[in-house]
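Only one structure is covered here, and it is reproduced in the block below.
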Amino acid sequence: LGKLYLLFLPVNPVITSQTLSGSTVSITISNPFNFAFSTDFVQVTVGGKVCTVAPGPSFTSFTCQLPTNANGSPALPAGSYNAEVFLFKILDTLAGAAPIDIGLAITSVGPSTGGSNGGYEITLSGNGFPSDSTLATINICGVNAQIVSISSTQAKIIAPPCQNTNLQDITLSFNGKNATTQFTYINPNVVSTIFSVSPHFTNEFSMVPPSLSP
């Protein structure tokens, strides 16, 4: 009966604040009926990912841990999210606070230089990337580069040709957010191959032992 009663409460608890620090989400919830429950009865998801709730005496103020990538960033694509908090697995709280923001960032690029003729692979590392290449654009030297592969923390592109041999921005755009790093185009390497050398000289030496007189 208690569960049925909760389903028909006239006022649901409301999330009054939700903040992100690293991969830890801090949440406070209103308590219109002065319930006294620990976090044992709380479940949280953010962007469809389970946020593991830390043990605590009250469901009205607690933290939870988002799953992380290998680099420690939250394992979620860049965007704005509202936490979903469930009490007793059935009572959903209402969002009443500013959403959680997951950022988009490029932290490294390799290689950092390449020939202006293009055609080689560049790897971008960071966080907040989508896992679907059709959702992102990566622009370099004013051209949308071909995306070879993309994951939440890494993207591989094919460098397009560029007429300018100087520093160029690489901009990754996704979900209304942009992340930028820089790449330097240089003159292509010219490699000379020697096929033959003419004239051809050969030095031959011979040693004849002296004759021995009787």
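Please note that chains go A, B, ... in the order of the structure tokens, that every chain numbers its residues from 1, and that ligands are numbered from 1 in the order shown.
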Which of range 3-187 of chain A DSSP labels helix (DSSP H, G or I), written as number ranges by chain:
A: 3-7, 39-41, 133-135
Selected residues written out with all heavy atoms, as a tab-separated table (two decimals), in the first residue's frame:
```tsv
chain	number	residue	atom	x	y	z
A	3	LYS	N	3.68	1.74	-1.50
A	3	LYS	CA	4.13	2.03	-2.85
A	3	LYS	C	3.00	2.63	-3.69
A	3	LYS	O	3.20	3.55	-4.46
A	3	LYS	CB	4.66	0.76	-3.51
A	3	LYS	CG	5.98	0.27	-2.92
A	3	LYS	CD	6.51	-0.93	-3.68
A	3	LYS	CE	7.84	-1.38	-3.09
A	3	LYS	NZ	8.39	-2.54	-3.82
A	4	LEU	N	1.81	2.12	-3.51
A	4	LEU	CA	0.68	2.66	-4.26
A	4	LEU	C	0.41	4.10	-3.84
A	4	LEU	O	0.11	4.97	-4.66
A	4	LEU	CB	-0.57	1.80	-4.03
A	4	LEU	CG	-0.54	0.39	-4.65
A	4	LEU	CD1	-1.78	-0.39	-4.23
A	4	LEU	CD2	-0.49	0.48	-6.17
A	5	TYR	N	0.54	4.37	-2.56
A	5	TYR	CA	0.31	5.72	-2.06
A	5	TYR	C	1.31	6.70	-2.67
A	5	TYR	O	0.94	7.80	-3.09
A	5	TYR	CB	0.41	5.72	-0.54
A	5	TYR	CG	0.35	7.11	0.08
A	5	TYR	CD1	-0.86	7.81	0.13
A	5	TYR	CD2	1.49	7.72	0.57
A	5	TYR	CE1	-0.91	9.08	0.68
A	5	TYR	CE2	1.44	8.98	1.12
A	5	TYR	CZ	0.23	9.66	1.17
A	5	TYR	OH	0.18	10.91	1.70
A	6	LEU	N	2.57	6.28	-2.78
A	6	LEU	CA	3.60	7.16	-3.33
A	6	LEU	C	3.32	7.50	-4.79
A	6	LEU	O	3.63	8.58	-5.25
A	6	LEU	CB	4.98	6.50	-3.21
A	6	LEU	CG	5.58	6.47	-1.79
A	6	LEU	CD1	6.84	5.61	-1.79
A	6	LEU	CD2	5.90	7.87	-1.31
A	7	LEU	N	2.74	6.56	-5.52
A	7	LEU	CA	2.43	6.82	-6.92
A	7	LEU	C	1.44	7.96	-7.10
A	7	LEU	O	1.42	8.61	-8.14
A	7	LEU	CB	1.87	5.55	-7.58
A	7	LEU	CG	2.87	4.45	-7.89
A	7	LEU	CD1	2.14	3.19	-8.34
A	7	LEU	CD2	3.82	4.89	-8.99
A	39	THR	N	19.97	7.08	1.55
A	39	THR	CA	20.21	6.94	0.10
A	39	THR	C	20.10	5.49	-0.36
A	39	THR	O	20.20	5.22	-1.56
A	39	THR	CB	21.60	7.48	-0.27
A	39	THR	OG1	22.61	6.80	0.50
A	39	THR	CG2	21.70	8.98	-0.02
A	40	ASP	N	19.87	4.56	0.56
A	40	ASP	CA	19.68	3.17	0.16
A	40	ASP	C	18.47	3.01	-0.76
A	40	ASP	O	18.37	2.04	-1.51
A	40	ASP	CB	19.48	2.27	1.40
A	40	ASP	CG	20.73	2.15	2.24
A	40	ASP	OD1	21.83	2.48	1.72
A	40	ASP	OD2	20.61	1.77	3.42
A	41	PHE	N	17.55	3.96	-0.68
A	41	PHE	CA	16.32	3.88	-1.45
A	41	PHE	C	16.35	4.76	-2.70
A	41	PHE	O	15.32	5.01	-3.32
A	41	PHE	CB	15.13	4.28	-0.58
A	41	PHE	CG	14.97	3.41	0.64
A	41	PHE	CD1	15.50	3.79	1.86
A	41	PHE	CD2	14.31	2.19	0.56
A	41	PHE	CE1	15.36	2.99	2.98
A	41	PHE	CE2	14.17	1.38	1.67
A	41	PHE	CZ	14.70	1.78	2.89
A	133	SER	N	29.81	9.08	-36.04
A	133	SER	CA	30.51	10.10	-36.84
A	133	SER	C	29.56	11.01	-37.60
A	133	SER	O	29.93	12.13	-37.97
A	133	SER	CB	31.47	9.42	-37.82
A	133	SER	OG	30.76	8.60	-38.75
A	134	THR	N	28.32	10.57	-37.84
A	134	THR	CA	27.37	11.41	-38.57
A	134	THR	C	26.86	12.57	-37.72
A	134	THR	O	26.24	13.49	-38.25
A	134	THR	CB	26.18	10.58	-39.08
A	134	THR	OG1	25.44	10.07	-37.96
A	134	THR	CG2	26.65	9.42	-39.94
A	135	LEU	N	27.11	12.54	-36.42
A	135	LEU	CA	26.62	13.59	-35.52
A	135	LEU	C	27.63	14.72	-35.34
A	135	LEU	O	27.31	15.75	-34.75
A	135	LEU	CB	26.28	12.99	-34.16
A	135	LEU	CG	25.20	11.90	-34.13
A	135	LEU	CD1	25.02	11.38	-32.71
A	135	LEU	CD2	23.89	12.43	-34.69
```
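Taking only C-alpha atoms into account, Lys156 in chain A lies nearest to A:Ile138 out of the set A:Val143, A:Ala70, A:Val25, A:Ile138.
Of the listed residues (A:Thr165, A:Thr93, A:Asn12, A:Ser125), A:Ser125 comes nearest to Asn71 in chain A; the distances count only C-alpha atoms.
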Among A:Ser173, A:Gln182, A:Asn82, A:Thr68, Ile122 in chain A is approached most closely, using only C-alpha atoms, by A:Gln182
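For Ser152 in chain A, the list of residues within 9 Å, based on only C-alpha atoms and with local chain neighbours fewer than 6 positions off taken out, reads A:Asn69, A:Ala75, A:Leu76, A:Pro77, A:Gly126, A:Asn127, A:Gly128, A:Phe129, A:Pro130, A:Ser131.
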Let me see the file: selected residues, all heavy atoms, as a short mmCIF file (atom, residue, chain, number, x, y, z; two decimals), in the first residue's frame.
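After the write, result_33.cif holds the following:
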```cif
data_model
loop_
_atom_site.label_atom_id
_atom_site.label_comp_id
_atom_site.auth_asym_id
_atom_site.auth_seq_id
_atom_site.Cartn_x
_atom_site.Cartn_y
_atom_site.Cartn_z
N ASN A 69 35.48 7.62 -18.61
CA ASN A 69 36.38 7.14 -19.65
C ASN A 69 37.74 6.84 -19.04
O ASN A 69 38.00 7.14 -17.87
CB ASN A 69 36.52 8.21 -20.75
CG ASN A 69 35.21 8.52 -21.43
OD1 ASN A 69 34.52 7.63 -21.92
ND2 ASN A 69 34.85 9.80 -21.48
N ALA A 75 31.69 9.51 -18.93
CA ALA A 75 31.46 8.74 -20.16
C ALA A 75 30.11 9.10 -20.77
O ALA A 75 29.23 8.25 -20.93
CB ALA A 75 31.55 7.25 -19.86
N LEU A 76 29.97 10.38 -21.11
CA LEU A 76 28.75 10.89 -21.73
C LEU A 76 29.14 11.84 -22.86
O LEU A 76 30.12 12.58 -22.73
CB LEU A 76 27.88 11.65 -20.72
CG LEU A 76 27.07 10.83 -19.73
CD1 LEU A 76 26.51 11.74 -18.64
CD2 LEU A 76 25.93 10.09 -20.43
N PRO A 77 28.37 11.85 -23.95
CA PRO A 77 28.62 12.85 -24.99
C PRO A 77 28.35 14.26 -24.46
O PRO A 77 27.56 14.44 -23.52
CB PRO A 77 27.62 12.48 -26.09
CG PRO A 77 27.19 11.08 -25.79
CD PRO A 77 27.28 10.94 -24.31
N GLY A 126 40.39 13.61 -26.58
CA GLY A 126 39.68 14.55 -25.71
C GLY A 126 38.54 13.88 -25.00
O GLY A 126 38.62 12.72 -24.61
N ASN A 127 37.43 14.60 -24.84
CA ASN A 127 36.26 14.04 -24.17
C ASN A 127 34.99 14.74 -24.65
O ASN A 127 35.04 15.82 -25.22
CB ASN A 127 36.38 14.15 -22.65
CG ASN A 127 36.70 15.54 -22.17
OD1 ASN A 127 37.88 15.87 -21.98
ND2 ASN A 127 35.69 16.37 -21.98
N GLY A 128 33.88 14.04 -24.47
CA GLY A 128 32.59 14.56 -24.90
C GLY A 128 32.27 14.27 -26.36
O GLY A 128 31.25 14.73 -26.86
N PHE A 129 33.14 13.52 -27.04
CA PHE A 129 32.90 13.21 -28.45
C PHE A 129 31.69 12.28 -28.57
O PHE A 129 31.45 11.43 -27.70
CB PHE A 129 34.10 12.51 -29.08
CG PHE A 129 35.39 13.29 -29.10
CD1 PHE A 129 35.48 14.56 -28.56
CD2 PHE A 129 36.53 12.73 -29.67
CE1 PHE A 129 36.68 15.26 -28.58
CE2 PHE A 129 37.74 13.42 -29.69
CZ PHE A 129 37.81 14.69 -29.14
N PRO A 130 30.96 12.37 -29.68
CA PRO A 130 29.89 11.38 -29.92
C PRO A 130 30.51 10.09 -30.43
O PRO A 130 31.64 10.07 -30.91
CB PRO A 130 29.03 12.05 -30.99
CG PRO A 130 30.02 12.88 -31.77
CD PRO A 130 31.02 13.38 -30.76
N SER A 131 29.77 9.00 -30.35
CA SER A 131 30.25 7.72 -30.87
C SER A 131 29.77 7.49 -32.30
O SER A 131 30.14 6.49 -32.92
CB SER A 131 29.80 6.57 -29.98
OG SER A 131 28.39 6.57 -29.84
#
```
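When CA of Gly22 in chain A is paired with CA of Gly103 in chain A, their separation reads 10.8 Å.
In this comparison, which uses only C-alpha atoms, the residue of A:Val148, A:Ala36, A:Leu20, A:Ile106 approaching Gln65 in chain A most closely is A:Leu20.
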Find the spatial neighbours of range 111-121 of chain A, counting only C-alpha atoms, within a cut-off of 7 Å - ignore same-chain residues fewer than 3 positions away - and output them as number ranges by chain.
A: 156-163, 165, 183-188
Serialized selection, C-alpha atoms, as an mmCIF file, in the first residue's frame:
```cif
data_model
loop_
_atom_site.group_PDB
_atom_site.id
_atom_site.type_symbol
_atom_site.label_atom_id
_atom_site.label_comp_id
_atom_site.auth_asym_id
_atom_site.auth_seq_id
_atom_site.Cartn_x
_atom_site.Cartn_y
_atom_site.Cartn_z
ATOM 1 C CA LYS A 156 40.679 9.907 -36.468
ATOM 2 C CA ILE A 157 40.411 12.056 -39.602
ATOM 3 C CA ILE A 158 42.057 12.307 -42.995
ATOM 4 C CA ALA A 159 43.837 15.649 -43.406
ATOM 5 C CA PRO A 160 42.532 17.560 -46.431
ATOM 6 C CA PRO A 161 44.955 19.476 -48.674
ATOM 7 C CA CYS A 162 45.588 23.074 -47.631
ATOM 8 C CA GLN A 163 47.064 25.894 -49.700
ATOM 9 C CA THR A 165 51.505 26.432 -44.994
ATOM 10 C CA PHE A 183 47.622 21.985 -36.524
ATOM 11 C CA THR A 184 50.515 23.253 -38.642
ATOM 12 C CA TYR A 185 50.648 22.645 -42.389
ATOM 13 C CA ILE A 186 54.153 22.604 -43.858
ATOM 14 C CA ASN A 187 55.606 22.174 -47.352
ATOM 15 C CA PRO A 188 55.487 18.532 -48.421
#
```
Please return, as a PyMOL selection string, all residues of chain A that DSSP assigns to strand (DSSP E or B) on the basis of the backbone.
chain A and resi 14-21+24-29+42-46+49-53+61-65+68+74+79-81+84-87+91-92+94-95+100-102+105-110+113-115+121-127+136-140+143-144+146-150+154-158+167-174+177-186
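Separating CA of Cys141 in chain A from CA of Ile102 in chain A is a distance of 27.2 Å.
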When you count only C-alpha atoms, which of these residues is closest to Phe35 in chain A: A:Thr137, A:Thr60, A:Ser108, A:Ser149?
A:Thr60
Rank A:Cys64, A:Ile140, A:Ala78, A:Ala95 by their smallest atom-to-atom distance to Pro13 in chain A, using only C-alpha atoms, and report the top residue only.
A:Ala95
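The two atoms in question, CA of Thr16 in chain A and CA of Leu104 in chain A, are spaced 25.5 Å apart.
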Contact residues around Pro67 in chain A with only C-alpha atoms at 9 Å, ignoring same-chain residues under 6 positions, as an mmCIF file with C-alpha atoms, in the first residue's frame:
```cif
data_model
loop_
_atom_site.group_PDB
_atom_site.id
_atom_site.type_symbol
_atom_site.label_atom_id
_atom_site.label_comp_id
_atom_site.auth_asym_id
_atom_site.auth_seq_id
_atom_site.Cartn_x
_atom_site.Cartn_y
_atom_site.Cartn_z
ATOM 1 C CA SER A 23 32.624 12.844 -12.632
ATOM 2 C CA LYS A 49 23.853 6.095 -17.534
ATOM 3 C CA VAL A 50 23.611 4.805 -13.975
ATOM 4 C CA CYS A 51 25.106 7.244 -11.482
ATOM 5 C CA THR A 52 26.276 5.222 -8.468
ATOM 6 C CA SER A 73 36.141 12.288 -17.899
ATOM 7 C CA PRO A 74 32.414 11.422 -17.625
ATOM 8 C CA ALA A 75 31.463 8.739 -20.161
ATOM 9 C CA LEU A 76 28.746 10.888 -21.734
#
```
